[in-house]
Amino acid sequence: MDWGTELWDQFEVLERHTQWGLDLLDKYVKFVKERAEVEQAYAKQLRSLVKKYLPKRPTKDDPEVKFSQQQSFVQLLQEVNDFAGQRELVAESLGIRVCLELAKYSQEMKQERKMHFQEGRRAQQQLENGFKQLENSKRKFERDCREAEKAAHTAERLDQDINATKADVEKAKQQAHLRNHMAEESKNEYAAQLQRFNRDQAHFYFSQMPQIFDKLQDMDERRATHLGAGYGLLAEAELQVVPIIGKCLEGMKVAAESVDAKNDSQVLIELHKSGFARPGDLEFEDFSQVMNRVPSDSSLGTPDGRPELRAASSRSRAKRWPFGKKNKTVVTEDFSHLPPEQQRKRLQQQLEERNRELQKEEDQREALKKMKDVYEKTPQMGDPASLEPRIAETLGNIERLKLEVQKYEAWLAEAESRVLSNRGDSLSRHTRPPDPPTTAPPDSSSSSNNSGSQDNKESSSEEPPSEEGQDTPIYTEFDEDFEEPASPIGQCVAIYHFEGSSEGTVSMSEGEDLSLMEEDKGDGWTRVRRKQGGEGYVPTSYLRVTLN
């Protein structure tokens, strides 16, 4: 069934229907445009929200970033930001593939519809003009017939009138003959016009207009099909980002599962552990002795030594500083203003940075030497003398960094001794052991030499011993001829179980008593000896150490 056959007389209906279809297309384009604006605004608000809650400080300067809760939150924000990016892609896809394409197609449909209806109206106008011509010829034929009949009646009446002259009768007969001839011509013209109109009308209703209506039907069906495809593009734009959005949601789920409360507690300990020993008992100050004091004109102080008691009391209070007001500290190069544990960590970081810089400078020196050798062998490639300033500068940097490494090693050794002396029984057991050091344990064959060099570094330090470090034990001197120390320098207890699987390590059980053979040199490893035999390195954080 087609419009040209079934709707041959519904020109106005088809005009209204095709206009409604184009209006619906424009309405859908407007809807998608507003939908894209909503998606764009949604994505913009999500990005603003993420920016608002992202950490403002650089990651390396923010201690909170070490907590799994903060890391998971940042990861969650990043996934939300990626989700916002996918919403922007949806908005872009809707704007380009739907709005622009359908709007352009709508304009083409409007032009095509206008052309078809103009063609139909021209055909209607031509048919109407033919009908008017038919009506005019019909009215002329009718008028001429009446005039011919009137002229024939007049000639007949004059012919029978005895008083009429012969000339009047002849004239009347000629007039009747003329009118009859005109009527005959009008009849022929009317017949020809009627035949032509019937032919045009048949062409109009059976050929011309059905073709126009069929073209309109084809246009409207193409418009409906294109509109249906546009409906599908709305869903397709969403389906294209579903896999990425799924990954974003999976990332949020992974971030949620990454929160480790136990690890965060351990991180807090590592960040803020001071390394100080717990304060001892306060001494009793007997103020009643002042009643028995004998005045003396030559004495400037109390004979019972009360100023010394006050000094001791002040020192006792000074050691309880974690519970009092913090005085403004002066930042020093050796980080002595920090608690022992924090000082050790900062010094270890500085030492690692200096070692990396030193390795970089040494690599650069080797590269410059090779380049100089190449220049000396092939002078056309360059002047060897031009590299001398850079080589000299690199050597200067190497010497400077070596001195800094020695300085930080000495400070680190002193800080390690402070931590060991203050540790005592202050280390408590945890349900989860700390991670072992990332560096490999030292070579046990060079332990005695390392011990000797450590003593030299300690003696070369120009920093005066602090109050907390006055109890620092003196390292046992070893003879260079012996590979291992003759006797232990202290005792230690294993806080956690450790499986010594790598070379140079030794296994130990939780609660096992061990002999301390060599202290930690800053790399996180301590050399111990088991009672049943066996000697090697274990993580320092797995021990509770007591020095002799």
# chains A, B, ... in the order shown; residues from 1 in each chain; ligands from 1
$ residues_around --residues "stretch 41-54 of chain A" --least-positions-apart "3" --cutoff "8 Å" --atoms "only C-alpha atoms" --output "list in words"
Glu37, Val38, Val74, Leu77, Gln78, Val80, Asn81, Ala84, Gly85, Arg87 and Glu88 of chain A
$ closest_residue --among "A:Gln193, A:Asn188, A:Gln532, A:Gln208" --to "A:Gln133" --atoms "only C-alpha atoms"
A:Gln193
$ closest_residue --among "A:Asp286, A:Glu388, A:Glu333, A:Glu393" --to "A:Lys372" --atoms "only C-alpha atoms"
A:Glu388
$ closest_atom_pairs --of "stretch 42-100 of chain A" --to "stretch 250-274 of chain A" --cutoff "8 Å" --atoms "only C-alpha atoms" --output "Markdown table"
| residue | atom | partner | partner_atom | distance |
| --- | --- | --- | --- | --- |
| A:Pro63 | CA | A:Leu271 | CA | 7.9 |
| A:Lys66 | CA | A:Val267 | CA | 7.0 |
| A:Phe67 | CA | A:Asp264 | CA | 5.2 |
| A:Ser68 | CA | A:Val259 | CA | 5.2 |
| A:Gln69 | CA | A:Val259 | CA | 5.2 |
| A:Gln71 | CA | A:Ala255 | CA | 8.0 |
| A:Ser72 | CA | A:Ala255 | CA | 4.6 |
| A:Phe73 | CA | A:Ala255 | CA | 7.2 |
| A:Gln75 | CA | A:Ala255 | CA | 6.2 |
| A:Leu76 | CA | A:Met252 | CA | 5.2 |
| A:Glu79 | CA | A:Met252 | CA | 6.4 |
